[in-house]
>>> print(open('data-v5.csv').read())   # CSV, C-alpha atoms and all ligand atoms
chain,number,residue,atom,x,y,z
A,1,MET,CA,-11.9,-11.0,-6.6
A,2,ARG,CA,-8.8,-11.0,-8.8
A,3,VAL,CA,-6.0,-8.8,-7.6
A,4,LEU,CA,-3.1,-7.5,-9.7
A,5,VAL,CA,0.1,-7.7,-7.7
A,6,THR,CA,2.8,-5.5,-9.4
A,7,GLY,CA,6.3,-6.7,-8.4
A,8,GLY,CA,4.8,-10.1,-7.5
A,9,ALA,CA,8.1,-11.9,-8.2
A,10,GLY,CA,10.0,-10.0,-5.5
A,11,TYR,CA,10.5,-11.1,-1.9
A,12,ILE,CA,7.5,-9.3,-0.4
A,13,GLY,CA,5.4,-9.4,-3.6
A,14,SER,CA,5.7,-13.2,-4.0
A,15,THR,CA,4.9,-13.8,-0.4
A,16,ALA,CA,1.7,-11.7,-1.0
A,17,VAL,CA,0.9,-13.7,-4.1
A,18,ALA,CA,1.1,-17.0,-2.2
A,19,ILE,CA,-0.9,-15.9,0.8
A,20,LEU,CA,-3.6,-14.2,-1.4
A,21,GLN,CA,-4.0,-17.5,-3.3
A,22,GLU,CA,-4.3,-19.5,-0.1
A,23,ARG,CA,-7.1,-17.1,0.9
A,24,GLY,CA,-8.9,-17.7,-2.3
A,25,TYR,CA,-8.1,-14.6,-4.3
A,26,GLY,CA,-7.4,-14.8,-8.0
A,27,VAL,CA,-4.0,-13.3,-8.7
A,28,THR,CA,-2.3,-11.7,-11.7
A,29,VAL,CA,1.4,-10.7,-11.4
A,30,LEU,CA,3.0,-7.9,-13.4
A,31,ASP,CA,6.8,-8.0,-13.0
A,32,ASP,CA,9.7,-7.3,-15.3
A,33,CYS,CA,11.9,-9.8,-13.4
A,34,SER,CA,14.7,-7.2,-13.2
A,35,THR,CA,15.2,-8.1,-9.6
A,36,GLY,CA,12.4,-10.6,-8.9
A,37,HIS,CA,12.4,-14.3,-9.6
A,38,PHE,CA,9.8,-15.8,-12.0
A,39,GLU,CA,10.0,-19.2,-10.2
A,40,SER,CA,8.9,-17.6,-6.9
A,41,VAL,CA,5.4,-17.4,-8.3
A,42,ALA,CA,3.1,-20.4,-8.5
A,43,SER,CA,2.0,-21.3,-12.0
A,44,SER,CA,-1.7,-20.9,-10.9
A,45,ALA,CA,-1.2,-17.1,-10.9
A,46,ARG,CA,-1.5,-15.3,-14.2
A,47,PHE,CA,2.0,-13.9,-15.0
A,48,ILE,CA,2.6,-10.9,-17.3
A,49,THR,CA,6.3,-10.2,-17.8
A,50,GLY,CA,6.5,-6.4,-18.3
A,51,SER,CA,7.2,-3.1,-16.7
A,52,ILE,CA,4.8,-0.7,-15.0
A,53,LEU,CA,6.1,1.9,-17.5
A,54,ASP,CA,4.6,-0.1,-20.3
A,55,SER,CA,0.9,0.9,-20.7
A,56,LYS,CA,0.1,-2.0,-22.9
A,57,ALA,CA,1.5,-4.5,-20.3
A,58,VAL,CA,-0.3,-2.7,-17.5
A,59,ALA,CA,-3.7,-2.7,-19.3
A,60,GLU,CA,-3.3,-6.4,-20.1
A,61,ALA,CA,-2.4,-7.2,-16.5
A,62,LEU,CA,-5.4,-5.2,-15.2
A,63,THR,CA,-7.8,-7.5,-17.2
A,64,ASP,CA,-10.5,-8.8,-14.8
A,65,CYS,CA,-8.8,-7.3,-11.7
A,66,GLY,CA,-10.9,-5.5,-9.0
A,67,ALA,CA,-7.9,-4.2,-7.1
A,68,VAL,CA,-4.1,-3.6,-7.2
A,69,ILE,CA,-1.4,-4.2,-4.6
A,70,HIS,CA,1.5,-2.2,-5.9
A,71,PHE,CA,5.0,-3.4,-4.9
A,72,ALA,CA,6.9,-2.9,-8.2
A,73,ALA,CA,9.7,-0.4,-7.5
A,74,LYS,CA,13.4,0.1,-7.3
A,75,SER,CA,14.1,-0.2,-3.6
A,76,ILE,CA,17.8,0.0,-2.6
A,77,VAL,CA,18.6,3.2,-0.7
A,78,GLY,CA,22.3,3.2,-1.7
A,79,GLU,CA,21.6,2.6,-5.4
A,80,SER,CA,19.0,5.4,-5.4
A,81,VAL,CA,21.8,7.8,-4.4
A,82,GLU,CA,23.8,6.7,-7.4
A,83,LYS,CA,20.9,6.5,-9.9
A,84,PRO,CA,18.3,9.1,-8.8
A,85,ASP,CA,16.9,9.4,-12.3
A,86,LEU,CA,16.3,5.6,-12.6
A,87,TYR,CA,14.4,5.7,-9.3
A,88,HIS,CA,12.3,8.6,-10.4
A,89,GLU,CA,11.5,6.9,-13.7
A,90,VAL,CA,10.5,3.6,-12.3
A,91,ASN,CA,8.9,4.6,-9.0
A,92,VAL,CA,7.2,7.9,-9.9
A,93,ASN,CA,6.6,7.7,-13.6
A,94,GLY,CA,5.8,3.9,-13.4
A,95,THR,CA,3.2,4.5,-10.7
A,96,ARG,CA,1.8,7.5,-12.7
A,97,ASN,CA,1.3,5.1,-15.6
A,98,LEU,CA,-0.3,2.5,-13.4
A,99,LEU,CA,-2.7,5.0,-11.9
A,100,SER,CA,-3.6,6.3,-15.3
A,101,GLU,CA,-4.4,2.8,-16.7
A,102,MET,CA,-6.4,2.0,-13.5
A,103,ALA,CA,-8.5,5.2,-14.0
A,104,ARG,CA,-9.0,4.5,-17.7
A,105,LEU,CA,-10.1,0.9,-17.0
A,106,GLY,CA,-12.2,1.7,-13.9
A,107,VAL,CA,-10.1,-0.2,-11.3
A,108,VAL,CA,-10.5,1.9,-8.2
A,109,LYS,CA,-8.9,0.0,-5.3
A,110,LEU,CA,-5.2,0.3,-4.5
A,111,VAL,CA,-2.9,-0.9,-1.7
A,112,PHE,CA,0.6,0.7,-2.0
A,113,SER,CA,3.9,-0.5,-0.7
A,114,SER,CA,5.3,2.7,0.9
A,115,THR,CA,8.2,3.0,3.4
A,116,ALA,CA,9.5,4.4,6.6
A,117,ALA,CA,12.2,6.0,4.4
A,118,THR,CA,9.6,8.7,3.6
A,119,TYR,CA,10.2,10.1,7.2
A,120,GLY,CA,14.0,10.4,7.0
A,121,GLU,CA,15.9,11.0,10.3
A,122,PRO,CA,13.1,11.1,12.9
A,123,GLU,CA,12.9,13.9,15.4
A,124,VAL,CA,10.7,11.9,17.8
A,125,ILE,CA,10.5,8.1,18.4
A,126,PRO,CA,8.1,6.3,17.9
A,127,ILE,CA,7.3,7.6,14.4
A,128,THR,CA,3.6,8.3,13.7
A,129,GLU,CA,1.9,8.9,10.4
A,130,GLU,CA,1.8,12.6,11.4
A,131,SER,CA,5.6,12.8,11.8
A,132,PRO,CA,7.4,15.1,9.4
A,133,THR,CA,8.4,13.6,6.0
A,134,LYS,CA,11.9,14.6,5.2
A,135,PRO,CA,13.4,11.7,3.2
A,136,THR,CA,17.2,11.5,3.1
A,137,SER,CA,17.5,9.4,-0.1
A,138,PRO,CA,16.1,9.6,-3.6
A,139,TYR,CA,14.4,6.2,-2.7
A,140,GLY,CA,12.4,7.9,0.1
A,141,THR,CA,11.7,11.0,-2.0
A,142,THR,CA,10.2,8.9,-4.8
A,143,LYS,CA,8.0,6.9,-2.5
A,144,LEU,CA,6.8,10.1,-0.8
A,145,ALA,CA,6.0,11.6,-4.2
A,146,VAL,CA,3.9,8.5,-5.0
A,147,ASP,CA,2.0,8.8,-1.7
A,148,GLN,CA,1.2,12.4,-2.6
A,149,MET,CA,0.2,11.3,-6.1
A,150,ILE,CA,-2.2,8.8,-4.6
A,151,THR,CA,-3.7,11.4,-2.2
A,152,ALA,CA,-4.5,13.5,-5.3
A,153,GLU,CA,-6.0,10.6,-7.1
A,154,SER,CA,-8.2,9.7,-4.2
A,155,GLU,CA,-9.8,13.1,-4.5
A,156,THR,CA,-11.3,11.8,-7.8
A,157,GLY,CA,-12.6,8.5,-6.2
A,158,LEU,CA,-9.7,6.1,-5.8
A,159,ALA,CA,-9.9,4.0,-2.7
A,160,ALA,CA,-6.3,3.7,-1.4
A,161,ILE,CA,-4.1,2.7,1.5
A,162,SER,CA,-0.3,3.3,1.6
A,163,LEU,CA,1.5,1.0,4.0
A,164,ARG,CA,4.8,2.4,5.3
A,165,TYR,CA,7.0,-0.5,6.1
A,166,PHE,CA,9.8,-0.5,8.7
A,167,ASN,CA,12.2,-3.4,8.6
A,168,VAL,CA,10.6,-6.4,6.9
A,169,ALA,CA,12.2,-9.8,7.7
A,170,GLY,CA,11.5,-13.5,7.9
A,171,ALA,CA,10.2,-16.0,5.2
A,172,PHE,CA,7.0,-17.8,4.3
A,173,ASN,CA,6.7,-21.6,4.0
A,174,SER,CA,4.1,-21.7,1.2
A,175,LYS,CA,2.4,-24.8,-0.2
A,176,SER,CA,5.1,-24.9,-2.9
A,177,GLY,CA,8.1,-24.2,-0.7
A,178,TRP,CA,9.9,-21.4,1.1
A,179,ILE,CA,9.6,-17.9,-0.2
A,180,ALA,CA,12.5,-15.7,1.2
A,181,GLU,CA,14.7,-12.8,0.6
A,182,ARG,CA,17.1,-13.5,-2.4
A,183,HIS,CA,18.6,-10.1,-3.1
A,184,ASN,CA,21.8,-9.8,-5.0
A,185,PRO,CA,23.8,-8.2,-3.5
A,186,GLU,CA,22.1,-8.9,-0.1
A,187,THR,CA,22.3,-5.8,2.1
A,188,HIS,CA,19.9,-6.8,4.9
A,189,LEU,CA,21.0,-7.7,8.4
A,190,ILE,CA,19.2,-11.0,9.1
A,191,PRO,CA,20.1,-12.9,5.9
A,192,ASN,CA,23.6,-11.6,6.1
A,193,LEU,CA,24.2,-12.6,9.7
A,194,LEU,CA,23.0,-16.1,9.0
A,195,ARG,CA,25.6,-16.5,6.2
A,196,ALA,CA,28.4,-15.1,8.4
A,197,SER,CA,31.5,-17.3,9.0
A,198,ALA,CA,34.9,-17.0,10.6
A,199,ALA,CA,36.3,-16.2,7.1
A,200,ASN,CA,33.4,-13.8,6.3
A,201,PRO,CA,32.2,-12.3,9.6
A,202,LEU,CA,29.1,-10.1,9.7
A,203,LYS,CA,30.1,-6.5,9.4
A,204,VAL,CA,28.4,-4.5,12.2
A,205,PHE,CA,28.1,-1.0,10.9
A,206,GLY,CA,29.3,1.0,13.9
A,207,LYS,CA,29.3,0.4,17.7
A,208,ASP,CA,29.4,4.1,18.6
A,209,TRP,CA,25.8,5.1,18.1
A,210,PRO,CA,23.9,6.9,20.8
A,211,THR,CA,22.0,3.7,21.9
A,212,ALA,CA,22.4,1.5,25.0
A,213,ASP,CA,24.8,-1.0,23.4
A,214,GLY,CA,26.1,1.4,20.7
A,215,THR,CA,24.5,-0.4,17.7
A,216,CYS,CA,21.5,0.9,15.6
A,217,ILE,CA,18.0,0.1,16.6
A,218,ARG,CA,15.3,-0.9,14.1
A,219,ASP,CA,11.7,-2.1,14.2
A,220,TYR,CA,11.5,-5.6,12.5
A,221,VAL,CA,8.2,-7.0,11.3
A,222,HIS,CA,7.7,-10.5,9.9
A,223,VAL,CA,6.8,-10.6,6.2
A,224,VAL,CA,3.7,-12.9,6.9
A,225,ASP,CA,2.4,-10.3,9.5
A,226,LEU,CA,3.1,-7.6,6.9
A,227,ILE,CA,1.0,-9.4,4.2
A,228,GLU,CA,-1.8,-10.0,6.7
A,229,ALA,CA,-2.0,-6.2,7.0
A,230,HIS,CA,-2.2,-5.9,3.1
A,231,ILE,CA,-5.1,-8.2,3.0
A,232,LEU,CA,-6.9,-6.3,5.8
A,233,ALA,CA,-6.1,-3.1,3.9
A,234,LEU,CA,-7.6,-4.6,0.8
A,235,GLU,CA,-10.8,-5.3,2.7
A,236,ASN,CA,-11.0,-1.9,4.4
A,237,LEU,CA,-10.6,0.4,1.3
A,238,GLU,CA,-13.1,3.3,1.1
A,239,PRO,CA,-13.8,5.2,-2.1
A,240,GLY,CA,-12.4,8.7,-2.2
A,241,LYS,CA,-10.1,8.0,0.8
A,242,HIS,CA,-6.3,7.6,1.1
A,243,GLU,CA,-5.1,6.3,4.4
A,244,ILE,CA,-1.4,6.2,5.2
A,245,ILE,CA,-0.5,3.5,7.8
A,246,ASN,CA,2.8,2.4,9.5
A,247,LEU,CA,3.7,-1.3,9.6
A,248,GLY,CA,6.3,-2.4,12.2
A,249,SER,CA,6.1,-4.2,15.4
A,250,GLY,CA,6.0,-1.1,17.6
A,251,GLY,CA,9.3,-2.1,19.3
A,252,GLY,CA,13.0,-2.0,18.5
A,253,TYR,CA,15.9,-4.3,18.5
A,254,SER,CA,19.6,-3.2,18.3
A,255,VAL,CA,21.9,-4.9,15.8
A,256,SER,CA,23.6,-6.6,18.8
A,257,GLN,CA,20.2,-7.9,20.1
A,258,VAL,CA,19.4,-9.4,16.7
A,259,ILE,CA,22.8,-11.1,16.6
A,260,ASP,CA,22.1,-12.6,20.1
A,261,ALA,CA,18.7,-13.8,19.0
A,262,ALA,CA,20.2,-15.4,15.9
A,263,ALA,CA,22.9,-17.1,18.0
A,264,LYS,CA,20.2,-18.7,20.1
A,265,VAL,CA,18.3,-19.9,17.0
A,266,VAL,CA,21.3,-21.4,15.2
A,267,GLY,CA,23.0,-22.7,18.4
A,268,HIS,CA,26.4,-21.0,17.9
A,269,GLU,CA,27.9,-17.5,18.1
A,270,ILE,CA,27.7,-15.3,15.0
A,271,PRO,CA,31.1,-14.2,13.9
A,272,THR,CA,31.2,-10.4,13.7
A,273,GLN,CA,33.5,-7.6,12.8
A,274,ILE,CA,32.9,-3.9,13.9
A,275,THR,CA,33.3,-1.6,10.9
A,276,ALA,CA,32.6,2.1,10.2
A,277,ARG,CA,29.0,3.4,10.2
A,278,ARG,CA,27.1,2.9,7.0
A,279,ALA,CA,26.2,6.2,5.2
A,280,GLY,CA,22.6,7.2,5.6
A,281,ASP,CA,21.8,5.0,8.6
A,282,PRO,CA,19.7,6.8,11.3
A,283,ALA,CA,20.5,5.6,14.9
A,284,VAL,CA,16.9,4.6,15.9
A,285,LEU,CA,13.8,3.8,13.8
A,286,ILE,CA,10.7,2.6,15.6
A,287,ALA,CA,7.1,2.7,14.4
A,288,ASP,CA,4.0,3.8,16.2
A,289,ILE,CA,1.6,1.1,15.0
A,290,SER,CA,-1.6,2.3,16.8
A,291,LYS,CA,-3.2,3.4,13.5
A,292,ALA,CA,-2.7,0.0,12.0
A,293,LYS,CA,-4.4,-1.5,15.0
A,294,LYS,CA,-7.2,1.0,15.0
A,295,VAL,CA,-8.0,1.2,11.2
A,296,LEU,CA,-7.1,-2.3,10.1
A,297,GLY,CA,-7.6,-4.3,13.3
A,298,TRP,CA,-4.0,-5.6,12.8
A,299,THR,CA,-1.6,-6.8,15.4
A,300,PRO,CA,1.7,-8.5,14.4
A,301,THR,CA,2.1,-11.9,16.2
A,302,ARG,CA,5.6,-13.0,15.1
A,303,ASN,CA,8.7,-12.0,17.1
A,304,ILE,CA,12.4,-11.6,16.2
A,305,GLU,CA,13.1,-15.3,16.9
A,306,ASP,CA,10.4,-16.2,14.4
A,307,MET,CA,11.9,-13.9,11.8
A,308,VAL,CA,15.5,-15.2,12.3
A,309,GLY,CA,14.2,-18.8,12.6
A,310,ASP,CA,12.2,-18.7,9.3
A,311,THR,CA,15.0,-17.0,7.4
A,312,TRP,CA,17.3,-19.8,8.7
A,313,LYS,CA,15.0,-22.6,7.7
A,314,SER,CA,14.5,-21.1,4.2
A,315,GLN,CA,18.3,-20.7,3.7
A,316,ASN,CA,18.8,-24.3,4.7
A,317,ALA,CA,16.0,-25.5,2.4
A,318,PHE,CA,17.5,-23.6,-0.6
A,319,ALA,CA,21.0,-24.9,0.2
A,320,SER,CA,19.8,-28.5,0.3
A,321,LYS,CA,18.2,-28.2,-3.2
A,401,LIG,N1,23.5,-3.8,9.4
A,401,LIG,C1,24.7,-4.2,9.8
A,401,LIG,N2,25.4,-5.1,8.9
A,401,LIG,C2,24.9,-5.6,7.8
A,401,LIG,C3,23.6,-5.1,7.4
A,401,LIG,C4,22.9,-4.3,8.2
A,401,LIG,O1,25.3,-3.8,10.8
A,401,LIG,O2,25.5,-6.4,7.1
A,401,LIG,C5,22.7,-2.9,10.3
A,401,LIG,C6,22.4,-1.6,9.6
A,401,LIG,O3,23.4,-0.6,9.8
A,401,LIG,C7,21.1,-1.2,10.3
A,401,LIG,C8,20.4,-2.5,10.6
A,401,LIG,O4,21.5,-3.5,10.6
A,401,LIG,O5,21.4,-0.5,11.5
A,401,LIG,C9,19.4,-2.9,9.7
A,401,LIG,O6,19.9,-2.8,8.4
A,401,LIG,P1,19.1,-3.4,7.1
A,401,LIG,O7,20.0,-3.1,5.9
A,401,LIG,O8,18.7,-4.8,7.3
A,401,LIG,O9,17.8,-2.5,6.9
A,401,LIG,P2,17.6,-0.9,6.8
A,401,LIG,O10,17.4,-0.4,8.2
A,401,LIG,O11,18.8,-0.3,6.2
A,401,LIG,O12,16.3,-0.8,6.1
>>> encode(input="data-v5.csv", output="structure tokens", more="lines below")
Ligand code: UDP
Amino acid sequence: MRVLVTGGAGYIGSTAVAILQERGYGVTVLDDCSTGHFESVASSARFITGSILDSKAVAEALTDCGAVIHFAAKSIVGESVEKPDLYHEVNVNGTRNLLSEMARLGVVKLVFSSTAATYGEPEVIPITEESPTKPTSPYGTTKLAVDQMITAESETGLAAISLRYFNVAGAFNSKSGWIAERHNPETHLIPNLLRASAANPLKVFGKDWPTADGTCIRDYVHVVDLIEAHILALENLEPGKHEIINLGSGGGYSVSQVIDAAAKVVGHEIPTQITARRAGDPAVLIADISKAKKVLGWTPTRNIEDMVGDTWKSQNAFASK
């Protein structure tokens, strides 16, 4: 089967493209390269440069495809607060356009890249798929709106699974080299702490949180485990059904614990500086992943050392080029 991967030039999307190809799937990528990197995609994939808002580009990209994995989106929480209209336009209207073209062309299988940001500040940990959805950013609001749009669409026959990611990390050593996070600016903890130096220490956003060591706790999942779940989702789609499934590891690490794990991986202390809390950060986010285990038969197998270690190896490989 040929799969359309929207946003296939981004960090998670390009990892999906490489793994799908290694599993024998044909792949078409639709990406406007606004944040992704064209060179992250192997030339054996069909590449359409265009936006999900462009019906013509979407229709062209859907040619011969039996399913869609939809990653294309604006995805920075802070930016979404500054530019809510842009987030609504790309994430909500772009997906509306994609769903309309899929319906028109008879493509009825969809795996959607959703997010834990749809839940907002949790009342109970771990977070299940039944937890209240009260997003605290326009990013989370737009992703929740898309999940609801997909539920409505499934009532007319679409087979869909939304995967709600917690903190995705790590890198993939594909046949054509490392695929890793290359955001600009980079806001994520693991790539940032690996670039920290005495002159530029890692900023730890608050040590006064209500957690055992005072730093925030997150649920980190390796990008390769995450993509395994997408392929299982693709293989478990049922017509007329929309499942929403959390993807994390089911356990949490504090920022200080991630820093300690990284120090072990790189063999020296990570220079840090405690700063004020970052706006919008909840204290603790941990996923309940029992539904992913039950519905998809998925269990993540890579730990925090793997995530830090693979990010480290990929950064060294890029630096030596
Ligand atoms: N964090 C930090 N310094 C950084 C980046 C992140 O202390 O330079 C903290 C952040 O406050 C959060 C955790 O690390 O508690 C994970 O943040 P990240 O941006 O990686 O992912 P998010 O949880 O925002 O999706």
>>> residues_near_point(input="data-v5.csv", point="(0.7, -14.8, 5.3)", cutoff="9 Å", atoms="all atoms listed in the file", output="MDAnalysis selection string")
chainID A and resid 15:16 18:20 22 172 174 223:228
>>> residues_near_ligand(input="data-v5.csv", ligand="ligand LIG 401 (chain A)", cutoff="8 Å", atoms="all atoms listed in the file", output="ChimeraX atom specification")
/A:77,166-167,187-190,192-193,202-206,215-218,254-255,277-278,281-283,285
>>> residues_near_point(input="data-v5.csv", point="(8.9, -7.2, 19.1)", cutoff="10 Å", atoms="all atoms listed in the file", output="PyMOL selection string")
chain A and resi 219-222+248-253+300-305
>>> residues_around(input="data-v5.csv", residues="Leu234 of chain A", least_positions_apart="3", cutoff="8 Å", atoms="all atoms listed in the file", output="list of chain:residue names")
A:Ala67, A:Lys109, A:Leu110, A:Val111, A:His230, A:Ile231, A:Leu237
>>> residues_around(input="data-v5.csv", residues="Ile48 of chain A", least_positions_apart="6", cutoff="8 Å", atoms="only C-alpha atoms", output="PDB file with C-alpha atoms, in the coordinates of the input")
ATOM      1  CA  THR A  28      -2.300 -11.700 -11.700  1.00  0.00           C
ATOM      2  CA  VAL A  29       1.400 -10.700 -11.400  1.00  0.00           C
ATOM      3  CA  LEU A  30       3.000  -7.900 -13.400  1.00  0.00           C
ATOM      4  CA  ASP A  31       6.800  -8.000 -13.000  1.00  0.00           C
ATOM      5  CA  ALA A  57       1.500  -4.500 -20.300  1.00  0.00           C
ATOM      6  CA  GLU A  60      -3.300  -6.400 -20.100  1.00  0.00           C
ATOM      7  CA  ALA A  61      -2.400  -7.200 -16.500  1.00  0.00           C
TER       8      ALA A  61
END
>>> closest_residue(input="data-v5.csv", among="A:Ile289, A:Val258, A:Leu232, A:Ala180", to="Asn246 of chain A", atoms="all atoms listed in the file")
A:Ile289
>>> closest_residue(input="data-v5.csv", among="A:Thr133, A:Phe38, A:Thr272, A:Gly120", to="Ile259 of chain A", atoms="only C-alpha atoms")
A:Thr272
>>> closest_residue(input="data-v5.csv", among="A:Phe318, A:Tyr25, A:Trp312, A:Phe47", to="Thr6 of chain A", atoms="all atoms listed in the file")
A:Phe47
>>> closest_residue(input="data-v5.csv", among="A:Pro201, A:Ala233, A:Thr156, A:Thr142", to="Pro84 of chain A", atoms="all atoms listed in the file")
A:Thr142
>>> closest_residue(input="data-v5.csv", among="A:Gly240, A:His37, A:Ala42, A:Ile76", to="Glu186 of chain A", atoms="only C-alpha atoms")
A:Ile76
>>> atom_distance(input="data-v5.csv", atom1="atom CA of Ser40 of chain A", atom2="atom CA of Ser314 of chain A")
12.9 Å
>>> atom_distance(input="data-v5.csv", atom1="atom CA of Arg96 of chain A", atom2="atom CA of Ala152 of chain A")
11.4 Å
>>> closest_residue(input="data-v5.csv", among="A:Ile286, A:Val5, A:Ile244, A:Ala169", to="Asp310 of chain A", atoms="all atoms listed in the file")
A:Ala169
>>> residues_around(input="data-v5.csv", residues="Lys291 of chain A", least_positions_apart="2", cutoff="9 Å", atoms="only C-alpha atoms", output="ChimeraX atom specification")
/A:128-129,244-246,288-289,293-297
>>> build_atoms(input="data-v5.csv", residues="segment 180-191 of chain A", atoms="N, CA, C and O atoms", output="PDB file, in the coordinates of the input")
ATOM      1  N   ALA A 180      11.560 -16.447   0.296  1.00  0.00           N
ATOM      2  CA  ALA A 180      12.500 -15.700   1.200  1.00  0.00           C
ATOM      3  C   ALA A 180      13.184 -14.613   0.426  1.00  0.00           C
ATOM      4  O   ALA A 180      13.084 -14.524  -0.801  1.00  0.00           O
ATOM      5  N   GLU A 181      13.922 -13.811   1.188  1.00  0.00           N
ATOM      6  CA  GLU A 181      14.700 -12.800   0.600  1.00  0.00           C
ATOM      7  C   GLU A 181      15.840 -13.395  -0.252  1.00  0.00           C
ATOM      8  O   GLU A 181      16.594 -14.233   0.255  1.00  0.00           O
ATOM      9  N   ARG A 182      15.964 -13.000  -1.519  1.00  0.00           N
ATOM     10  CA  ARG A 182      17.100 -13.500  -2.400  1.00  0.00           C
ATOM     11  C   ARG A 182      17.594 -12.301  -3.168  1.00  0.00           C
ATOM     12  O   ARG A 182      17.535 -12.293  -4.380  1.00  0.00           O
ATOM     13  N   HIS A 183      18.031 -11.275  -2.425  1.00  0.00           N
ATOM     14  CA  HIS A 183      18.600 -10.100  -3.100  1.00  0.00           C
ATOM     15  C   HIS A 183      20.019 -10.345  -3.515  1.00  0.00           C
ATOM     16  O   HIS A 183      20.720 -11.090  -2.855  1.00  0.00           O
ATOM     17  N   ASN A 184      20.427  -9.685  -4.592  1.00  0.00           N
ATOM     18  CA  ASN A 184      21.800  -9.800  -5.000  1.00  0.00           C
ATOM     19  C   ASN A 184      22.313  -8.443  -5.497  1.00  0.00           C
ATOM     20  O   ASN A 184      21.881  -7.981  -6.535  1.00  0.00           O
ATOM     21  N   PRO A 185      23.163  -7.778  -4.728  1.00  0.00           N
ATOM     22  CA  PRO A 185      23.800  -8.200  -3.500  1.00  0.00           C
ATOM     23  C   PRO A 185      22.755  -8.128  -2.320  1.00  0.00           C
ATOM     24  O   PRO A 185      21.823  -7.312  -2.373  1.00  0.00           O
ATOM     25  N   GLU A 186      22.964  -8.939  -1.292  1.00  0.00           N
ATOM     26  CA  GLU A 186      22.100  -8.900  -0.100  1.00  0.00           C
ATOM     27  C   GLU A 186      22.681  -7.825   0.852  1.00  0.00           C
ATOM     28  O   GLU A 186      23.859  -7.876   1.187  1.00  0.00           O
ATOM     29  N   THR A 187      21.847  -6.865   1.232  1.00  0.00           N
ATOM     30  CA  THR A 187      22.300  -5.800   2.100  1.00  0.00           C
ATOM     31  C   THR A 187      21.693  -5.940   3.528  1.00  0.00           C
ATOM     32  O   THR A 187      22.116  -5.272   4.460  1.00  0.00           O
ATOM     33  N   HIS A 188      20.657  -6.761   3.678  1.00  0.00           N
ATOM     34  CA  HIS A 188      19.900  -6.800   4.900  1.00  0.00           C
ATOM     35  C   HIS A 188      20.544  -7.587   6.025  1.00  0.00           C
ATOM     36  O   HIS A 188      21.208  -8.595   5.776  1.00  0.00           O
ATOM     37  N   LEU A 189      20.304  -7.122   7.248  1.00  0.00           N
ATOM     38  CA  LEU A 189      21.000  -7.700   8.400  1.00  0.00           C
ATOM     39  C   LEU A 189      20.752  -9.173   8.617  1.00  0.00           C
ATOM     40  O   LEU A 189      21.710  -9.943   8.765  1.00  0.00           O
ATOM     41  N   ILE A 190      19.494  -9.601   8.647  1.00  0.00           N
ATOM     42  CA  ILE A 190      19.200 -11.000   9.100  1.00  0.00           C
ATOM     43  C   ILE A 190      19.738 -12.022   8.070  1.00  0.00           C
ATOM     44  O   ILE A 190      20.483 -12.918   8.482  1.00  0.00           O
ATOM     45  N   PRO A 191      19.440 -11.912   6.769  1.00  0.00           N
ATOM     46  CA  PRO A 191      20.100 -12.900   5.900  1.00  0.00           C
ATOM     47  C   PRO A 191      21.578 -12.863   5.899  1.00  0.00           C
ATOM     48  O   PRO A 191      22.230 -13.901   5.816  1.00  0.00           O
TER      49      PRO A 191
END
